[in-house]
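Here's the structure, in C-alpha cells; my notes come after.
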Amino acid sequence: MKRFFRPLALLLLAGALFSCEKDRLLSIEDEGPVVNPLANFEVTKDPDDGFSYSFKNLSSNYERLEWRFGDDTLSTLASPNHVYLTTGKFQVDLKAFSSTGAATRKLVDINIVADSVGKVTVVKTGVLNQVKFGITVKAKIKTITWTFSDVTPNVQSSSMEPVRTYNAGSFNSFSVRVVTENGSVINLSKFVTPEGIAANITQNYTSFTPSTNNSNTNENAAKLVDNNLETKIFLGGPPLPLTFKFQYASAQTVKIYAIGSANDSETRDPKIWTMEGSNDDNIWTVLDSRTQTSTFYAQAGNQFKKLFYFTIAEPKPFVFYRWRITSMSGSSNFQASEIRLFR
C-alpha cells in the first residue's frame, strides 16, 4: 500500500503546482498593458491679488490627480485655484496617476516677493522734515500696521497714510505689516530720511567683482546680490582678505549697508571687516569697520537667514564700494546670503 500511495501523492502534488502556476500566469495576462499618464499644467497669477493663482490642468491618461502647492496644502481637483498666505518661494508639485497605478509629476516654482506685492511710498508734506507714508498692494487690504523705530518705545499706526517728522539728516527704520482680506500677510522693512525712502542700489552696479569665487553656480558670488535670503555664497578656505567690489556708473552716497546670514554653520560668518569707498579703484577710504563679538546666528536669537544693518557714520559719494573681510567666526570657510547697499 505504501508503494502505491507514494506515486499517487506525488502526482496529485504536481497537479496542484501546475494548477497554481497556470492561475498565476493567467492572472498576469489578465492585467493588460500599463497606462502611463502625463502630468502637465499652466499657471496664471491673479492680476488683482499677488497671492492668488489658478492652475489649468493639461494632464492626460490619468485617473486621479494630487496637487501640492509647497505650503503644506493638497488638492485633488482637476484645475484648482490657490491662495498663498505668505510671501516666499513655493514649489508646486502635480502628480498624475493612471488606472494601472503608474504616476508622473510636474514641478513648477512660484516666488512671491514682498516688494512686488506691496509698494511703499514716502513723500514730503511741505512741512520741514515731515513726510507722509503710503502703500499700494496687489490685493484687498483688511488691516495694516506701521511700526516706526526712530523712537523708543516704537510707535505704531493703523492709518493708510501716517505722517512722521524726523530729525534733519537722520536715517530711520520702519516696517509695515499688511493682512489681506484672504488672510495673506505682507511684511516690509525699509529705511527713510526726511527726503524720502532710502533706495536700495545694490543691483544698480555696472560691475560686481569678488576676489575669489565658487565654480558651483548654486553657491557663487552672484547669490550674494540676488536679493534672496534663501540663497548663499559659499567659499572653501578663501585667501584673505576676501573682497567684494561694486562699481557704479556715477558716484553714489551709501548711507547704510546690510549683510545677510546664511542657512547653517555660523562659524562661517564674517567676523572682522571694513566697508570702503574709492573713486579711482586705487585709493580706498574706510567708511565703516566692524568686529563681531558673536555670530549672526547668536545675534538673531539662534536663527539663520537674517539681515543685519550697519550705518555709515560719515557717508560720502564714491564710484567704487568694497566689502573687505579679514576674519571668519571660527572656520576657514566663508558664507553669507546677501549684501545690500542703500543710499
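All residue names refer to the C-alpha cells as shown: chains lettered A, B, ... in order, residues numbered from 1 in each chain, ligands numbered from 1 in order.
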
Exercise: A:Thr44 partners within 10 Å, only C-alpha atoms, chain neighbours under 6 positions left out, as JSON, numbers by chain: {"A": [52, 53, 54, 55, 56, 81]}

Near stretch 162-175 of chain A, counting only C-alpha atoms, which residues have an atom at most 12 Å away, once you skip same-chain residues fewer than 3 positions from it, shown as a PDB file with C-alpha atoms, in the first residue's frame?
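To be explicit, this is the file written out as result34.pdb:
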ATOM      1  CA  VAL A 120       5.633 101.734  -0.030  1.00  0.00           C
ATOM      2  CA  THR A 121       5.739 105.416  -0.955  1.00  0.00           C
ATOM      3  CA  VAL A 122       7.082 108.327   1.098  1.00  0.00           C
ATOM      4  CA  VAL A 123       6.524 111.934   0.007  1.00  0.00           C
ATOM      5  CA  LYS A 124       7.297 115.316   1.566  1.00  0.00           C
ATOM      6  CA  THR A 125       4.314 117.133   3.038  1.00  0.00           C
ATOM      7  CA  GLY A 126       5.744 120.614   2.623  1.00  0.00           C
ATOM      8  CA  VAL A 127       6.422 120.913   6.348  1.00  0.00           C
ATOM      9  CA  LEU A 128      10.142 120.915   7.229  1.00  0.00           C
ATOM     10  CA  ASN A 129      11.474 117.340   7.678  1.00  0.00           C
ATOM     11  CA  GLN A 130       7.968 115.874   7.559  1.00  0.00           C
ATOM     12  CA  VAL A 131       6.903 113.004   5.268  1.00  0.00           C
ATOM     13  CA  LYS A 132       3.702 111.104   4.534  1.00  0.00           C
ATOM     14  CA  PHE A 133       3.687 107.333   4.078  1.00  0.00           C
ATOM     15  CA  GLY A 134       1.503 105.356   1.710  1.00  0.00           C
ATOM     16  CA  ILE A 135       1.247 101.849   0.302  1.00  0.00           C
ATOM     17  CA  ILE A 144      -2.395  97.495   8.138  1.00  0.00           C
ATOM     18  CA  THR A 145       0.127  98.141  10.916  1.00  0.00           C
ATOM     19  CA  TRP A 146       3.046 100.559  10.593  1.00  0.00           C
ATOM     20  CA  THR A 147       5.889 100.339  13.125  1.00  0.00           C
ATOM     21  CA  PHE A 148       8.283 103.295  13.364  1.00  0.00           C
ATOM     22  CA  SER A 149      11.581 102.575  15.128  1.00  0.00           C
ATOM     23  CA  ASP A 150      13.088 106.067  15.343  1.00  0.00           C
ATOM     24  CA  VAL A 151      11.841 106.401  18.932  1.00  0.00           C
ATOM     25  CA  ASN A 154       8.360 102.069  18.882  1.00  0.00           C
ATOM     26  CA  VAL A 155       5.345 103.940  17.566  1.00  0.00           C
ATOM     27  CA  GLN A 156       2.602 102.067  15.693  1.00  0.00           C
ATOM     28  CA  SER A 157      -0.144 103.308  13.395  1.00  0.00           C
ATOM     29  CA  SER A 158      -3.075 101.688  11.593  1.00  0.00           C
ATOM     30  CA  SER A 159      -3.571 104.646   9.257  1.00  0.00           C
ATOM     31  CA  VAL A 178      -0.477  94.114   5.772  1.00  0.00           C
ATOM     32  CA  ILE A 186       3.000  91.007   3.673  1.00  0.00           C
ATOM     33  CA  ASN A 187       5.886  92.260   5.827  1.00  0.00           C
ATOM     34  CA  LEU A 188       8.073  95.075   4.500  1.00  0.00           C
ATOM     35  CA  SER A 189      11.023  96.743   6.222  1.00  0.00           C
ATOM     36  CA  LYS A 190      12.540  99.960   4.864  1.00  0.00           C
ATOM     37  CA  PHE A 191      14.656 102.957   5.760  1.00  0.00           C
ATOM     38  CA  VAL A 192      13.574 106.552   5.417  1.00  0.00           C
ATOM     39  CA  THR A 193      15.122 110.026   5.658  1.00  0.00           C
ATOM     40  CA  PRO A 194      13.385 113.409   5.718  1.00  0.00           C
ATOM     41  CA  GLU A 195      13.944 113.339   1.945  1.00  0.00           C
ATOM     42  CA  GLY A 196      12.104 110.047   1.382  1.00  0.00           C
ATOM     43  CA  ILE A 197      12.766 106.302   1.122  1.00  0.00           C
ATOM     44  CA  ALA A 198      16.383 105.168   1.291  1.00  0.00           C
ATOM     45  CA  ALA A 199      16.928 103.464  -2.063  1.00  0.00           C
ATOM     46  CA  VAL A 254      25.844 104.896   0.534  1.00  0.00           C
ATOM     47  CA  LYS A 255      24.479 105.607   3.998  1.00  0.00           C
ATOM     48  CA  ILE A 256      23.727 102.094   5.175  1.00  0.00           C
ATOM     49  CA  TYR A 257      24.517  98.539   4.158  1.00  0.00           C
ATOM     50  CA  TYR A 309      22.062  96.578   9.024  1.00  0.00           C
ATOM     51  CA  PHE A 310      25.106  98.802   9.545  1.00  0.00           C
ATOM     52  CA  THR A 311      25.170 102.585   9.322  1.00  0.00           C
ATOM     53  CA  ILE A 312      27.989 104.583   7.735  1.00  0.00           C
ATOM     54  CA  ALA A 313      28.660 107.460  10.116  1.00  0.00           C
ATOM     55  CA  GLU A 314      30.094 109.893   7.554  1.00  0.00           C
ATOM     56  CA  PRO A 315      28.781 108.925   4.092  1.00  0.00           C
ATOM     57  CA  PHE A 342      21.405 101.807   0.424  1.00  0.00           C
ATOM     58  CA  ARG A 343      21.790 105.458  -0.474  1.00  0.00           C
TER      59      ARG A 343
END

I'd like to know which residues of stretch 118-332 of chain A are strand (DSSP E or B) (by DSSP, run on the backbone); could you write them as a PyMOL selection string? chain A and resi 118-124+130-137+141-148+155-157+163-165+172-180+185-193+196-197+200+207-210+233-235+242-253+256-260+270-278+285-291+307-311+317-328

Neighbouring residues of A:Phe51 were defined as those with any atom within 8 Å, considering only C-alpha atoms; residues of the same chain fewer than 6 positions away were excluded. Please report them as a list in words.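 What passes the distance filter is Lys45, Val83, Tyr84, Leu85, Thr86, Thr87, Ile112, Ala139 and Ser184 of chain A.
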
Write out the residues from the selection above, keeping N, CA, C and O atoms, as a CSV table (one decimal), in the first residue's frame.
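Okay, this is what ended up in selection09.csv:
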chain,number,residue,atom,x,y,z
A,45,LYS,N,-1.4,83.9,-12.7
A,45,LYS,CA,-1.5,84.7,-11.5
A,45,LYS,C,-2.6,85.7,-11.6
A,45,LYS,O,-2.8,86.3,-12.6
A,83,VAL,N,-4.7,80.2,-2.9
A,83,VAL,CA,-4.2,81.5,-2.3
A,83,VAL,C,-3.1,81.2,-1.3
A,83,VAL,O,-3.3,80.4,-0.3
A,84,TYR,N,-2.0,81.8,-1.5
A,84,TYR,CA,-0.9,81.7,-0.6
A,84,TYR,C,-1.0,82.7,0.5
A,84,TYR,O,-1.5,83.8,0.3
A,85,LEU,N,-0.6,82.3,1.7
A,85,LEU,CA,-0.8,83.2,2.9
A,85,LEU,C,0.4,84.0,3.3
A,85,LEU,O,0.3,84.8,4.2
A,86,THR,N,1.5,83.7,2.7
A,86,THR,CA,2.7,84.4,3.0
A,86,THR,C,3.5,84.7,1.7
A,86,THR,O,3.2,84.0,0.6
A,87,THR,N,4.5,85.5,1.7
A,87,THR,CA,5.5,85.7,0.6
A,87,THR,C,6.5,84.6,0.8
A,87,THR,O,6.6,83.9,1.8
A,112,ILE,N,6.9,84.5,-4.6
A,112,ILE,CA,6.1,85.7,-4.3
A,112,ILE,C,7.0,86.6,-3.4
A,112,ILE,O,7.3,86.4,-2.3
A,139,ALA,N,-3.8,93.4,-3.7
A,139,ALA,CA,-4.8,92.6,-3.0
A,139,ALA,C,-5.6,93.6,-2.2
A,139,ALA,O,-5.3,94.8,-2.1
A,184,SER,N,-3.8,86.6,3.6
A,184,SER,CA,-2.4,86.7,3.2
A,184,SER,C,-1.7,87.8,3.9
A,184,SER,O,-2.3,88.9,4.2

Kindly give the distance, in Å, that separates atom CA of A:Leu235 and atom CA of A:Asn213, rounded to a single decimal.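 If I compute the distance from atom CA of A:Leu235 to atom CA of A:Asn213, I get 6.9 Å.
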
Which of stretch 26-110 of chain A counts as alpha helix (DSSP H) under DSSP, as a PDB file with N, CA, C and O atoms, in the first residue's frame please?
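In the end it all went to result-v7.pdb:
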ATOM      1  N   LEU A  26      -2.245  33.143 -15.819  1.00  0.00           N
ATOM      2  CA  LEU A  26      -3.484  33.728 -16.345  1.00  0.00           C
ATOM      3  C   LEU A  26      -3.742  35.087 -15.703  1.00  0.00           C
ATOM      4  O   LEU A  26      -4.189  36.038 -16.347  1.00  0.00           O
ATOM      5  N   SER A  27      -3.407  35.199 -14.393  1.00  0.00           N
ATOM      6  CA  SER A  27      -3.620  36.461 -13.684  1.00  0.00           C
ATOM      7  C   SER A  27      -2.753  37.560 -14.276  1.00  0.00           C
ATOM      8  O   SER A  27      -3.197  38.693 -14.455  1.00  0.00           O
ATOM      9  N   ILE A  28      -1.496  37.252 -14.606  1.00  0.00           N
ATOM     10  CA  ILE A  28      -0.603  38.233 -15.208  1.00  0.00           C
ATOM     11  C   ILE A  28      -1.115  38.659 -16.574  1.00  0.00           C
ATOM     12  O   ILE A  28      -1.141  39.836 -16.919  1.00  0.00           O
ATOM     13  N   GLU A  29      -1.590  37.714 -17.340  1.00  0.00           N
ATOM     14  CA  GLU A  29      -2.082  38.036 -18.680  1.00  0.00           C
ATOM     15  C   GLU A  29      -3.327  38.909 -18.614  1.00  0.00           C
ATOM     16  O   GLU A  29      -3.540  39.776 -19.446  1.00  0.00           O
ATOM     17  N   ASP A  30      -4.136  38.709 -17.540  1.00  0.00           N
ATOM     18  CA  ASP A  30      -5.381  39.469 -17.429  1.00  0.00           C
ATOM     19  C   ASP A  30      -5.152  40.932 -17.069  1.00  0.00           C
ATOM     20  O   ASP A  30      -6.035  41.763 -17.229  1.00  0.00           O
ATOM     21  N   GLU A  31      -3.970  41.296 -16.495  1.00  0.00           N
ATOM     22  CA  GLU A  31      -3.720  42.675 -16.080  1.00  0.00           C
ATOM     23  C   GLU A  31      -3.676  43.648 -17.252  1.00  0.00           C
ATOM     24  O   GLU A  31      -4.013  44.807 -17.115  1.00  0.00           O
TER      25      GLU A  31
END

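Interatomic distance, atom CA of A:Ile325 against atom CA of A:Val225: 16.5 Å.
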
Å distance separating atom CA of A:Pro241 from atom CA of A:Trp273, one decimal place: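 One can read the atom CA of A:Pro241 to atom CA of A:Trp273 distance as 9.0 Å.
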
Which of A:Ser116, A:Asn61, A:Asn227, A:Asn263 sits closest to A:Ala336 [using only C-alpha atoms]: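 Of A:Ser116, A:Asn61, A:Asn227, A:Asn263, the one nearest A:Ala336, counting only C-alpha atoms, is A:Asn263.
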
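Of the residues listed (A:Pro317, A:Gly236, A:Pro37, A:Gly260), A:Pro37 shows the shortest atom-to-atom separation from A:Arg105; distances use only C-alpha atoms.
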
Given only C-alpha atoms as the basis, pick out the residue of A:Lys245, A:Lys271, A:Arg68, A:Arg340 nearest to A:Met328.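 Among the listed residues, A:Lys271 lies closest to A:Met328.
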
Quick one: residues within 10 Å of A:Ser327, only C-alpha atoms, excluding same-chain residues fewer than 6 positions away - as a PyMOL selection string? chain A and resi 240-242+268-273+291-292+333-334

Tell me which protein, DNA and RNA residues are within 7 Å of A:Val92, counting only C-alpha atoms, leaving out same-chain ones fewer than 3 positions away, and put them as a ChimeraX atom specification. /A:68-70,107-109

Which one is closest to A:Leu287: A:Val35, A:Ile339, A:Met275, A:Val117? Count only C-alpha atoms.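 Closest candidate: A:Met275.
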